[in-house]
$ cat input.cif   # mmCIF, C-alpha atoms
data_structure
#
loop_
_atom_site.group_PDB
_atom_site.id
_atom_site.type_symbol
_atom_site.label_atom_id
_atom_site.label_comp_id
_atom_site.auth_asym_id
_atom_site.auth_seq_id
_atom_site.Cartn_x
_atom_site.Cartn_y
_atom_site.Cartn_z
ATOM 1 C CA MET A 1 32.175 37.868 130.774
ATOM 2 C CA ALA A 2 34.754 37.205 128.089
ATOM 3 C CA SER A 3 37.177 40.033 127.457
ATOM 4 C CA GLN A 4 37.163 41.957 124.195
ATOM 5 C CA ALA A 5 40.690 40.723 123.461
ATOM 6 C CA GLN A 6 39.372 37.156 123.734
ATOM 7 C CA THR A 7 36.189 37.602 121.688
ATOM 8 C CA ASP A 8 37.738 39.767 118.980
ATOM 9 C CA PRO A 9 41.478 38.980 118.902
ATOM 10 C CA GLU A 10 43.897 40.391 116.399
ATOM 11 C CA VAL A 11 47.067 38.671 117.582
ATOM 12 C CA VAL A 12 47.216 35.356 119.431
ATOM 13 C CA VAL A 13 50.515 34.228 120.912
ATOM 14 C CA VAL A 14 51.013 30.602 121.916
ATOM 15 C CA GLY A 15 54.211 30.343 123.879
ATOM 16 C CA SER A 16 56.348 30.823 126.924
ATOM 17 C CA CYS A 17 56.480 32.965 130.037
ATOM 18 C CA MET A 18 59.763 33.303 131.903
ATOM 19 C CA THR A 19 60.751 35.273 134.952
ATOM 20 C CA ASP A 20 64.047 36.966 134.077
ATOM 21 C CA LEU A 21 66.773 36.966 136.733
ATOM 22 C CA VAL A 22 69.160 39.565 135.327
ATOM 23 C CA SER A 23 72.724 40.356 136.425
ATOM 24 C CA LEU A 24 74.635 43.277 134.915
ATOM 25 C CA THR A 25 78.419 42.972 134.847
ATOM 26 C CA ALA A 26 81.378 44.609 133.082
ATOM 27 C CA ARG A 27 82.159 41.404 131.200
ATOM 28 C CA LEU A 28 80.842 37.865 130.942
ATOM 29 C CA PRO A 29 82.684 35.307 133.105
ATOM 30 C CA ASN A 30 84.876 32.552 131.744
ATOM 31 C CA ILE A 31 84.092 28.930 132.577
ATOM 32 C CA GLY A 32 84.764 28.282 136.264
ATOM 33 C CA GLU A 33 85.254 31.979 137.022
ATOM 34 C CA THR A 34 83.368 34.053 139.595
ATOM 35 C CA ILE A 35 83.176 37.802 138.970
ATOM 36 C CA HIS A 36 81.365 40.730 140.568
ATOM 37 C CA GLY A 37 78.302 42.245 138.943
ATOM 38 C CA HIS A 38 77.056 45.748 139.679
ATOM 39 C CA LYS A 39 73.269 45.343 139.410
ATOM 40 C CA PHE A 40 70.579 42.666 139.718
ATOM 41 C CA PHE A 41 66.880 42.848 138.932
ATOM 42 C CA ILE A 42 63.920 40.578 138.246
ATOM 43 C CA GLY A 43 61.838 41.145 135.130
ATOM 44 C CA PHE A 44 59.226 39.565 132.903
ATOM 45 C CA GLY A 45 60.437 37.559 129.921
ATOM 46 C CA GLY A 46 59.947 34.436 127.843
ATOM 47 C CA LYS A 47 59.884 34.674 124.071
ATOM 48 C CA GLY A 48 56.130 34.184 123.714
ATOM 49 C CA ALA A 49 55.166 36.663 126.404
ATOM 50 C CA ASN A 50 57.729 39.193 125.171
ATOM 51 C CA GLN A 51 56.293 39.132 121.651
ATOM 52 C CA CYS A 52 52.776 39.331 123.079
ATOM 53 C CA ILE A 53 53.563 42.341 125.286
ATOM 54 C CA GLN A 54 55.261 44.266 122.471
ATOM 55 C CA ALA A 55 52.276 43.744 120.153
ATOM 56 C CA ALA A 56 49.912 44.854 122.922
ATOM 57 C CA ARG A 57 51.943 47.981 123.750
ATOM 58 C CA LEU A 58 51.683 49.036 120.116
ATOM 59 C CA GLY A 59 47.902 48.801 120.326
ATOM 60 C CA ALA A 60 46.958 45.333 119.083
ATOM 61 C CA LYS A 61 44.193 43.345 120.782
ATOM 62 C CA VAL A 62 46.175 40.372 122.034
ATOM 63 C CA SER A 63 45.372 37.017 123.622
ATOM 64 C CA MET A 64 48.089 34.897 125.263
ATOM 65 C CA ILE A 65 47.921 31.094 125.515
ATOM 66 C CA CYS A 66 50.448 29.884 128.092
ATOM 67 C CA LYS A 67 51.022 28.109 131.398
ATOM 68 C CA VAL A 68 52.733 29.410 134.544
ATOM 69 C CA GLY A 69 53.217 27.972 138.018
ATOM 70 C CA LYS A 70 51.034 28.441 141.070
ATOM 71 C CA ASP A 71 53.797 30.472 142.655
ATOM 72 C CA SER A 72 54.606 34.120 143.193
ATOM 73 C CA PHE A 73 56.314 34.411 139.808
ATOM 74 C CA GLY A 74 53.215 32.984 138.114
ATOM 75 C CA SER A 75 50.789 35.242 139.941
ATOM 76 C CA ASP A 76 52.953 38.261 139.169
ATOM 77 C CA TYR A 77 52.929 37.281 135.515
ATOM 78 C CA VAL A 78 49.144 37.156 135.358
ATOM 79 C CA GLU A 79 49.058 40.665 136.811
ATOM 80 C CA ASN A 80 51.656 41.781 134.274
ATOM 81 C CA PHE A 81 49.441 40.637 131.404
ATOM 82 C CA ILE A 82 46.451 42.446 132.863
ATOM 83 C CA LYS A 83 48.455 45.673 133.258
ATOM 84 C CA ASN A 84 49.485 45.440 129.609
ATOM 85 C CA ASN A 85 45.911 44.899 128.396
ATOM 86 C CA VAL A 86 46.513 41.276 127.352
ATOM 87 C CA SER A 87 43.661 38.766 127.616
ATOM 88 C CA THR A 88 44.388 36.164 130.334
ATOM 89 C CA ASP A 89 41.468 33.887 129.428
ATOM 90 C CA PHE A 90 43.946 31.190 128.402
ATOM 91 C CA VAL A 91 46.722 31.888 130.899
ATOM 92 C CA THR A 92 46.671 28.838 133.183
ATOM 93 C CA GLN A 93 48.393 28.377 136.531
ATOM 94 C CA THR A 94 49.510 24.864 137.454
ATOM 95 C CA GLY A 95 50.758 23.365 140.695
ATOM 96 C CA ASP A 96 52.718 20.681 138.863
ATOM 97 C CA ALA A 97 55.721 22.833 137.926
ATOM 98 C CA ALA A 98 57.311 26.168 138.722
ATOM 99 C CA THR A 99 57.010 29.195 136.478
ATOM 100 C CA GLY A 100 59.774 29.176 133.879
ATOM 101 C CA VAL A 101 62.883 31.202 134.683
ATOM 102 C CA ALA A 102 65.718 32.695 132.639
ATOM 103 C CA SER A 103 69.088 33.518 134.176
ATOM 104 C CA ILE A 104 70.563 36.366 132.130
ATOM 105 C CA LEU A 105 74.031 37.906 132.247
ATOM 106 C CA VAL A 106 74.553 41.223 130.436
ATOM 107 C CA ASN A 107 77.940 42.865 129.865
ATOM 108 C CA SER A 108 78.788 46.543 129.446
ATOM 109 C CA GLU A 109 78.374 46.311 125.653
ATOM 110 C CA GLY A 110 74.817 45.033 126.049
ATOM 111 C CA GLN A 111 75.694 41.494 124.972
ATOM 112 C CA ASN A 112 74.142 38.631 126.913
ATOM 113 C CA THR A 113 74.178 34.948 127.742
ATOM 114 C CA ILE A 114 70.963 33.230 128.838
ATOM 115 C CA ILE A 115 70.046 29.929 130.505
ATOM 116 C CA ILE A 116 66.356 29.014 130.635
ATOM 117 C CA VAL A 117 64.522 26.457 132.767
ATOM 118 C CA ALA A 118 61.173 26.005 131.041
ATOM 119 C CA GLY A 119 59.179 24.648 134.005
ATOM 120 C CA ALA A 120 55.413 25.096 133.579
ATOM 121 C CA ASN A 121 55.864 26.117 129.933
ATOM 122 C CA LEU A 122 56.385 22.459 129.007
ATOM 123 C CA LEU A 123 53.009 21.512 130.497
ATOM 124 C CA LEU A 124 51.020 23.543 127.960
ATOM 125 C CA ASP A 125 49.252 20.831 125.949
ATOM 126 C CA SER A 126 46.654 19.989 123.304
ATOM 127 C CA GLU A 127 43.782 20.345 125.758
ATOM 128 C CA ASP A 128 44.822 23.941 126.424
ATOM 129 C CA LEU A 129 44.832 24.597 122.685
ATOM 130 C CA LYS A 130 41.406 23.032 122.195
ATOM 131 C CA LYS A 131 39.902 25.472 124.702
ATOM 132 C CA ALA A 132 41.327 28.336 122.660
ATOM 133 C CA THR A 133 40.510 27.074 119.154
ATOM 134 C CA GLY A 134 37.734 29.644 118.656
ATOM 135 C CA THR A 135 40.033 32.479 119.656
ATOM 136 C CA ILE A 136 42.763 31.269 117.306
ATOM 137 C CA ALA A 137 40.274 30.983 114.435
ATOM 138 C CA ARG A 138 39.096 34.595 114.920
ATOM 139 C CA ALA A 139 42.601 36.054 115.043
ATOM 140 C CA LYS A 140 44.361 37.805 112.214
ATOM 141 C CA VAL A 141 47.845 36.625 113.215
ATOM 142 C CA ILE A 142 49.212 33.849 115.418
ATOM 143 C CA VAL A 143 52.771 33.727 116.760
ATOM 144 C CA CYS A 144 54.628 30.622 118.000
ATOM 145 C CA GLN A 145 58.155 29.746 119.168
ATOM 146 C CA LEU A 146 59.983 26.723 120.669
ATOM 147 C CA GLU A 147 60.219 27.482 124.403
ATOM 148 C CA ILE A 148 57.156 25.261 124.878
ATOM 149 C CA THR A 149 56.796 21.647 123.699
ATOM 150 C CA PRO A 150 57.423 21.779 119.932
ATOM 151 C CA ALA A 151 54.433 19.540 119.171
ATOM 152 C CA VAL A 152 52.127 22.101 120.813
ATOM 153 C CA SER A 153 53.557 24.956 118.741
ATOM 154 C CA LEU A 154 53.190 22.848 115.600
ATOM 155 C CA GLU A 155 49.573 22.023 116.440
ATOM 156 C CA ALA A 156 48.787 25.693 117.048
ATOM 157 C CA LEU A 157 50.317 26.692 113.717
ATOM 158 C CA LYS A 158 48.358 23.948 111.953
ATOM 159 C CA VAL A 159 45.060 25.055 113.508
ATOM 160 C CA ALA A 160 45.711 28.665 112.502
ATOM 161 C CA HIS A 161 46.863 27.687 109.011
ATOM 162 C CA ASN A 162 43.718 25.621 108.437
ATOM 163 C CA CYS A 163 41.582 28.571 109.576
ATOM 164 C CA GLY A 164 43.280 30.990 107.196
ATOM 165 C CA VAL A 165 45.007 32.889 110.013
ATOM 166 C CA LYS A 166 48.433 34.355 109.177
ATOM 167 C CA THR A 167 51.213 32.532 111.031
ATOM 168 C CA ILE A 168 54.562 33.781 112.324
ATOM 169 C CA PHE A 169 56.986 31.135 113.561
ATOM 170 C CA ASN A 170 60.124 32.045 115.497
ATOM 171 C CA PRO A 171 62.205 28.822 115.771
ATOM 172 C CA ALA A 172 63.911 29.675 119.048
ATOM 173 C CA PRO A 173 65.682 28.003 120.657
ATOM 174 C CA ALA A 174 66.559 26.313 117.358
ATOM 175 C CA ALA A 175 67.203 22.599 116.841
ATOM 176 C CA PRO A 176 68.747 21.089 113.691
ATOM 177 C CA ASP A 177 66.087 18.355 113.502
ATOM 178 C CA LEU A 178 63.102 20.703 113.250
ATOM 179 C CA ASP A 179 59.925 18.962 112.094
ATOM 180 C CA PRO A 180 59.568 19.828 108.371
ATOM 181 C CA ARG A 181 55.902 20.718 108.865
ATOM 182 C CA PHE A 182 56.960 23.881 110.709
ATOM 183 C CA TYR A 183 58.163 25.303 107.399
ATOM 184 C CA ILE A 184 54.928 24.444 105.613
ATOM 185 C CA TYR A 185 52.662 25.989 108.257
ATOM 186 C CA SER A 186 54.698 29.214 108.540
ATOM 187 C CA ASP A 187 53.579 32.224 106.524
ATOM 188 C CA VAL A 188 56.523 34.076 108.069
ATOM 189 C CA PHE A 189 59.537 32.098 109.279
ATOM 190 C CA CYS A 190 61.630 34.503 111.366
ATOM 191 C CA CYS A 191 64.959 33.479 112.895
ATOM 192 C CA ASN A 192 68.191 35.175 113.907
ATOM 193 C CA GLU A 193 71.639 34.428 112.498
ATOM 194 C CA SER A 194 72.553 31.727 115.024
ATOM 195 C CA GLU A 195 69.209 29.987 114.587
ATOM 196 C CA ALA A 196 69.560 30.111 110.793
ATOM 197 C CA GLU A 197 73.007 28.525 111.121
ATOM 198 C CA ILE A 198 71.727 25.735 113.387
ATOM 199 C CA LEU A 199 68.815 24.986 111.054
ATOM 200 C CA THR A 200 70.788 25.002 107.803
ATOM 201 C CA GLY A 201 74.387 24.223 108.746
ATOM 202 C CA PHE A 202 75.566 27.344 106.900
ATOM 203 C CA PRO A 203 77.589 29.875 108.933
ATOM 204 C CA VAL A 204 75.838 33.265 109.044
ATOM 205 C CA ARG A 205 78.272 36.158 109.567
ATOM 206 C CA CYS A 206 76.932 38.781 107.175
ATOM 207 C CA PRO A 207 73.858 39.660 105.083
ATOM 208 C CA GLU A 208 75.139 37.561 102.170
ATOM 209 C CA ASP A 209 75.413 34.500 104.430
ATOM 210 C CA ALA A 210 71.910 35.191 105.724
ATOM 211 C CA GLY A 211 70.632 35.170 102.163
ATOM 212 C CA THR A 212 72.238 31.777 101.530
ATOM 213 C CA ALA A 213 70.743 30.274 104.683
ATOM 214 C CA GLY A 214 67.398 31.930 104.002
ATOM 215 C CA SER A 215 67.268 30.367 100.546
ATOM 216 C CA VAL A 216 67.668 26.918 102.105
ATOM 217 C CA LEU A 217 64.818 27.615 104.519
ATOM 218 C CA LEU A 218 62.633 28.911 101.705
ATOM 219 C CA GLU A 219 63.170 25.693 99.758
ATOM 220 C CA ARG A 220 61.803 23.744 102.726
ATOM 221 C CA GLY A 221 58.341 25.198 102.191
ATOM 222 C CA CYS A 222 58.218 28.601 103.906
ATOM 223 C CA ARG A 223 56.300 31.354 102.161
ATOM 224 C CA LEU A 224 58.565 34.068 103.538
ATOM 225 C CA VAL A 225 61.836 33.978 105.477
ATOM 226 C CA ILE A 226 63.314 36.744 107.622
ATOM 227 C CA VAL A 227 66.809 36.328 109.071
ATOM 228 C CA THR A 228 67.431 39.005 111.689
ATOM 229 C CA LEU A 229 70.997 40.277 112.117
ATOM 230 C CA GLY A 230 70.859 42.470 115.212
ATOM 231 C CA ALA A 231 72.476 45.836 114.516
ATOM 232 C CA GLU A 232 72.731 44.938 110.811
ATOM 233 C CA GLY A 233 68.944 44.773 110.372
ATOM 234 C CA CYS A 234 67.672 41.715 108.539
ATOM 235 C CA VAL A 235 67.530 39.823 105.263
ATOM 236 C CA VAL A 236 64.196 38.850 103.719
ATOM 237 C CA LEU A 237 63.205 36.595 100.833
ATOM 238 C CA SER A 238 59.952 34.988 99.739
ATOM 239 C CA ALA A 239 58.491 32.557 97.248
ATOM 240 C CA GLU A 240 57.629 35.581 95.066
ATOM 241 C CA GLU A 241 60.950 37.402 95.615
ATOM 242 C CA ILE A 242 63.575 34.683 95.957
ATOM 243 C CA THR A 243 66.477 37.137 95.652
ATOM 244 C CA PRO A 244 67.538 37.997 99.213
ATOM 245 C CA LYS A 245 67.067 41.636 100.186
ATOM 246 C CA HIS A 246 69.027 43.266 103.001
ATOM 247 C CA ILE A 247 66.973 45.740 105.038
ATOM 248 C CA PRO A 248 69.304 47.716 107.351
ATOM 249 C CA THR A 249 68.293 49.394 110.595
ATOM 250 C CA ARG A 250 69.426 52.588 112.269
ATOM 251 C CA LYS A 251 72.590 52.450 114.352
ATOM 252 C CA VAL A 252 72.195 52.956 118.092
ATOM 253 C CA LYS A 253 74.395 52.422 121.147
ATOM 254 C CA ALA A 254 72.887 49.355 122.804
ATOM 255 C CA VAL A 255 72.449 49.216 126.556
ATOM 256 C CA ASP A 256 70.924 45.711 126.602
ATOM 257 C CA THR A 257 70.050 43.626 123.544
ATOM 258 C CA THR A 258 68.048 41.067 125.534
ATOM 259 C CA GLY A 259 64.657 40.544 123.911
ATOM 260 C CA ALA A 260 65.278 42.772 120.895
ATOM 261 C CA GLY A 261 64.396 39.948 118.526
ATOM 262 C CA ASP A 262 61.139 39.404 120.373
ATOM 263 C CA SER A 263 60.352 43.110 120.129
ATOM 264 C CA PHE A 264 60.830 42.811 116.357
ATOM 265 C CA VAL A 265 58.526 39.770 116.098
ATOM 266 C CA GLY A 266 55.853 41.369 118.282
ATOM 267 C CA ALA A 267 55.974 44.551 116.215
ATOM 268 C CA LEU A 268 55.753 42.567 112.986
ATOM 269 C CA ALA A 269 52.688 40.725 114.296
ATOM 270 C CA PHE A 270 51.118 44.088 115.141
ATOM 271 C CA TYR A 271 51.715 45.471 111.647
ATOM 272 C CA MET A 272 50.481 42.305 109.939
ATOM 273 C CA ALA A 273 47.287 42.475 111.991
ATOM 274 C CA ARG A 274 46.625 46.229 111.965
ATOM 275 C CA TYR A 275 48.247 47.374 108.701
ATOM 276 C CA PRO A 276 47.905 44.425 106.285
ATOM 277 C CA ASP A 277 48.048 46.760 103.276
ATOM 278 C CA LEU A 278 51.557 47.961 104.102
ATOM 279 C CA SER A 279 54.303 46.420 102.000
ATOM 280 C CA LEU A 280 56.296 43.742 103.762
ATOM 281 C CA GLU A 281 59.437 45.838 103.453
ATOM 282 C CA GLU A 282 57.742 48.746 105.204
ATOM 283 C CA MET A 283 56.470 46.473 107.975
ATOM 284 C CA ILE A 284 59.995 45.177 108.504
ATOM 285 C CA LYS A 285 61.525 48.672 108.495
ATOM 286 C CA ARG A 286 59.059 49.838 111.138
ATOM 287 C CA SER A 287 59.588 46.693 113.212
ATOM 288 C CA ASN A 288 63.351 47.255 113.003
ATOM 289 C CA SER A 289 62.843 50.791 114.301
ATOM 290 C CA ILE A 290 60.824 49.581 117.272
ATOM 291 C CA ALA A 291 63.348 46.850 118.102
ATOM 292 C CA SER A 292 66.161 49.432 117.973
ATOM 293 C CA VAL A 293 64.343 51.441 120.645
ATOM 294 C CA SER A 294 64.133 48.360 122.890
ATOM 295 C CA VAL A 295 67.926 48.032 123.173
ATOM 296 C CA LEU A 296 68.291 51.539 124.627
ATOM 297 C CA ALA A 297 67.242 50.443 128.130
ATOM 298 C CA ALA A 298 68.050 47.530 130.422
ATOM 299 C CA GLY A 299 65.656 44.634 130.808
ATOM 300 C CA THR A 300 63.420 42.788 128.397
ATOM 301 C CA GLN A 301 59.762 43.840 128.515
ATOM 302 C CA ALA A 302 60.761 46.800 130.675
ATOM 303 C CA SER A 303 62.537 48.222 127.622
ATOM 304 C CA TYR A 304 59.657 47.726 125.163
ATOM 305 C CA PRO A 305 58.153 50.986 123.921
ATOM 306 C CA PHE A 306 54.480 51.929 124.010
ATOM 307 C CA LYS A 307 52.778 53.435 120.977
ATOM 308 C CA GLN A 308 52.571 56.877 122.583
ATOM 309 C CA ASP A 309 56.345 56.916 123.130
ATOM 310 C CA LEU A 310 57.189 56.311 119.465
ATOM 311 C CA PRO A 311 57.222 58.597 116.402
ATOM 312 C CA GLN A 312 53.689 58.666 115.089
ATOM 313 C CA ASP A 313 54.839 58.152 111.503
ATOM 314 C CA LEU A 314 55.273 54.519 112.505
ATOM 315 C CA PHE A 315 51.497 54.202 112.733
#
$ encode --input "input.cif" --output "structure tokens"
Amino acid sequence: MASQAQTDPEVVVVGSCMTDLVSLTARLPNIGETIHGHKFFIGFGGKGANQCIQAARLGAKVSMICKVGKDSFGSDYVENFIKNNVSTDFVTQTGDAATGVASILVNSEGQNTIIIVAGANLLLDSEDLKKATGTIARAKVIVCQLEITPAVSLEALKVAHNCGVKTIFNPAPAAPDLDPRFYIYSDVFCCNESEAEILTGFPVRCPEDAGTAGSVLLERGCRLVIVTLGAEGCVVLSAEEITPKHIPTRKVKAVDTTGAGDSFVGALAFYMARYPDLSLEEMIKRSNSIASVSVLAAGTQASYPFKQDLPQDLF
């Protein structure tokens, strides 16, 4: 029997699953240097899965379309989705590649460096999407990124766009030669400061810079652009409101910023699906609040809040 999340989806995420191999250390090493860390743990990550899990923990009915390996990491990931009430109807295990992994170093200020090996994520293909076309068409929001083959993300966005489903595209990891159709098929184009700089060539060091870069992205065909700025909140502009607007977030002492951007995107997908009558600015403010909670604990998905743990005025 098909699950409720599959037959009546609100949010569909097409994207990556990564097993996070996390080392905590006082500072990040220099090139060629070996230093001691003080803690190691394994967690669940990958931009697509992170965004999916955050939306699900807030109460959205979510379906994930992804590929993991036929290995212990892959099997653990399937169980992780089930525990978080995410439909696994389109979570496929393959013997042709290992589950994707991310090696993450986090310093005492919560800053991080990350290396990913995509593995099975790159084997997600058009045939996998075809099996899920009905689910995509019934969704309210679809979310895509670039940790899978870009052509697959583009195809998913196109299918959703043609079905009238709202699309959120997170161009991460960013590449300067992004296919121009990504802009056209994105209702919401959400990137961080470094991604905005890679895509536009404009340095992004402050909200004003983000507005400049965002204007370039808007001109490429996006309906709405959000440039996230970490502790500084984000800058938003749209075809209707081309003047950039800075939306700050509350200041917190970060323990680990890993995955905070994904928490924001997952929360935004939740609000777009469940509270479509909220103003965009209010959706962004609430998503900022949720992302700020995620940096208060170590780990990626392990730090993502559940609805019952958040102030109820967010809902």
$ resolve_selection --input "input.cif" --expression "the PyMOL selection byres ((chain A and resi 28-37) around 10)" --output "list in words"
Ser23, Leu24, Thr25, Ala26, Arg27, His38, Lys39, Phe40, Leu105, Val106, Asn107, Ser108, Gln111, Asn112 and Thr113 of chain A
$ resolve_selection --input "input.cif" --expression "the PyMOL selection byres ((chain A and resi 177) around 10)" --output "NGL selection string"
:A and (174-176 or 178-180 or 198-200)
$ residues_around --input "input.cif" --residues "region 219-236 of chain A" --least-positions-apart "4" --cutoff "6 Å" --atoms "only C-alpha atoms" --output "VMD selection string"
chain A and resid 183 to 184 186 to 193 244 to 249
$ closest_residue --input "input.cif" --among "A:Ser289, A:Val78, A:Gln301, A:Glu147" --to "Ala56 (chain A)" --atoms "only C-alpha atoms"
A:Gln301
$ closest_atom_pairs --input "input.cif" --of "region 36-90 of chain A" --to "region 151-159 of chain A" --cutoff "12 Å" --atoms "all atoms listed in the file" --output "CSV"
residue,atom,partner,partner_atom,distance
A:Gly48,CA,A:Ser153,CA,10.8
A:Ile65,CA,A:Ala156,CA,10.1
A:Cys66,CA,A:Val152,CA,10.8
$ write_last_selection --input "input.cif" --atoms "C-alpha atoms" --output "PDB file, keeping the file's coordinate frame"
ATOM      1  CA  GLY A  48      56.130  34.184 123.714  1.00  0.00           C
ATOM      2  CA  ILE A  65      47.921  31.094 125.515  1.00  0.00           C
ATOM      3  CA  CYS A  66      50.448  29.884 128.092  1.00  0.00           C
TER       4      CYS A  66
END
$ resolve_selection --input "input.cif" --expression "the PyMOL selection byres ((chain A and resi 85) around 9)" --output "list in words"
Ala5, Ile53, Ala56, Arg57, Lys61, Val62, Asn80, Phe81, Ile82, Lys83, Asn84, Val86 and Ser87 of chain A
$ atom_distance --input "input.cif" --atom1 "CA of Ser126 (chain A)" --atom2 "CA of Gly69 (chain A)"
18.0 Å
$ atom_distance --input "input.cif" --atom1 "CA of Gly299 (chain A)" --atom2 "CA of Asp256 (chain A)"
6.8 Å
$ closest_residue --input "input.cif" --among "A:Ala260, A:Ile284, A:Val265, A:Leu129" --to "Ser303 (chain A)" --atoms "all atoms listed in the file"
A:Ala260
$ residues_near_point --input "input.cif" --point "(46.9, 27.8, 131.9)" --cutoff "8 Å" --atoms "only C-alpha atoms" --output "MDAnalysis selection string"
chainID A and resid 65:68 90:94 124 128
$ write_last_selection --input "input.cif" --atoms "C-alpha atoms" --output "mmCIF file, keeping the file's coordinate frame"
data_model
loop_
_atom_site.group_PDB
_atom_site.id
_atom_site.type_symbol
_atom_site.label_atom_id
_atom_site.label_comp_id
_atom_site.auth_asym_id
_atom_site.auth_seq_id
_atom_site.Cartn_x
_atom_site.Cartn_y
_atom_site.Cartn_z
ATOM 1 C CA ILE A 65 47.921 31.094 125.515
ATOM 2 C CA CYS A 66 50.448 29.884 128.092
ATOM 3 C CA LYS A 67 51.022 28.109 131.398
ATOM 4 C CA VAL A 68 52.733 29.410 134.544
ATOM 5 C CA PHE A 90 43.946 31.190 128.402
ATOM 6 C CA VAL A 91 46.722 31.888 130.899
ATOM 7 C CA THR A 92 46.671 28.838 133.183
ATOM 8 C CA GLN A 93 48.393 28.377 136.531
ATOM 9 C CA THR A 94 49.510 24.864 137.454
ATOM 10 C CA LEU A 124 51.020 23.543 127.960
ATOM 11 C CA ASP A 128 44.822 23.941 126.424
#
$ build_atoms --input "input.cif" --residues "region 143-155 of chain A" --atoms "N, CA and C atoms" --output "mmCIF file, in the frame of the given file"
data_model
loop_
_atom_site.group_PDB
_atom_site.id
_atom_site.type_symbol
_atom_site.label_atom_id
_atom_site.label_comp_id
_atom_site.auth_asym_id
_atom_site.auth_seq_id
_atom_site.Cartn_x
_atom_site.Cartn_y
_atom_site.Cartn_z
ATOM 1 N N VAL A 143 51.318 33.770 116.609
ATOM 2 C CA VAL A 143 52.771 33.727 116.760
ATOM 3 C C VAL A 143 53.153 32.550 117.650
ATOM 4 N N CYS A 144 54.146 31.766 117.218
ATOM 5 C CA CYS A 144 54.628 30.622 118.000
ATOM 6 C C CYS A 144 56.152 30.601 118.021
ATOM 7 N N GLN A 145 56.713 29.922 119.030
ATOM 8 C CA GLN A 145 58.155 29.746 119.168
ATOM 9 C C GLN A 145 58.421 28.322 119.657
ATOM 10 N N LEU A 146 59.615 28.077 120.232
ATOM 11 C CA LEU A 146 59.983 26.723 120.669
ATOM 12 C C LEU A 146 60.401 26.647 122.137
ATOM 13 N N GLU A 147 59.944 27.586 122.971
ATOM 14 C CA GLU A 147 60.219 27.482 124.403
ATOM 15 C C GLU A 147 59.132 26.686 125.121
ATOM 16 N N ILE A 148 58.126 26.227 124.383
ATOM 17 C CA ILE A 148 57.156 25.261 124.878
ATOM 18 C C ILE A 148 57.394 23.962 124.113
ATOM 19 N N THR A 149 56.637 22.910 124.417
ATOM 20 C CA THR A 149 56.796 21.647 123.699
ATOM 21 C C THR A 149 56.587 21.875 122.202
ATOM 22 N N PRO A 150 57.542 21.508 121.372
ATOM 23 C CA PRO A 150 57.423 21.779 119.932
ATOM 24 C C PRO A 150 56.130 21.255 119.311
ATOM 25 N N ALA A 151 55.665 20.100 119.739
ATOM 26 C CA ALA A 151 54.433 19.540 119.171
ATOM 27 C C ALA A 151 53.238 20.456 119.401
ATOM 28 N N VAL A 152 53.229 21.183 120.514
ATOM 29 C CA VAL A 152 52.127 22.101 120.813
ATOM 30 C C VAL A 152 52.198 23.314 119.885
ATOM 31 N N SER A 153 53.394 23.846 119.686
ATOM 32 C CA SER A 153 53.557 24.956 118.741
ATOM 33 C C SER A 153 53.134 24.538 117.341
ATOM 34 N N LEU A 154 53.535 23.338 116.935
ATOM 35 C CA LEU A 154 53.190 22.848 115.600
ATOM 36 C C LEU A 154 51.679 22.702 115.452
ATOM 37 N N GLU A 155 51.031 22.179 116.483
ATOM 38 C CA GLU A 155 49.573 22.023 116.440
ATOM 39 C C GLU A 155 48.878 23.381 116.347
#
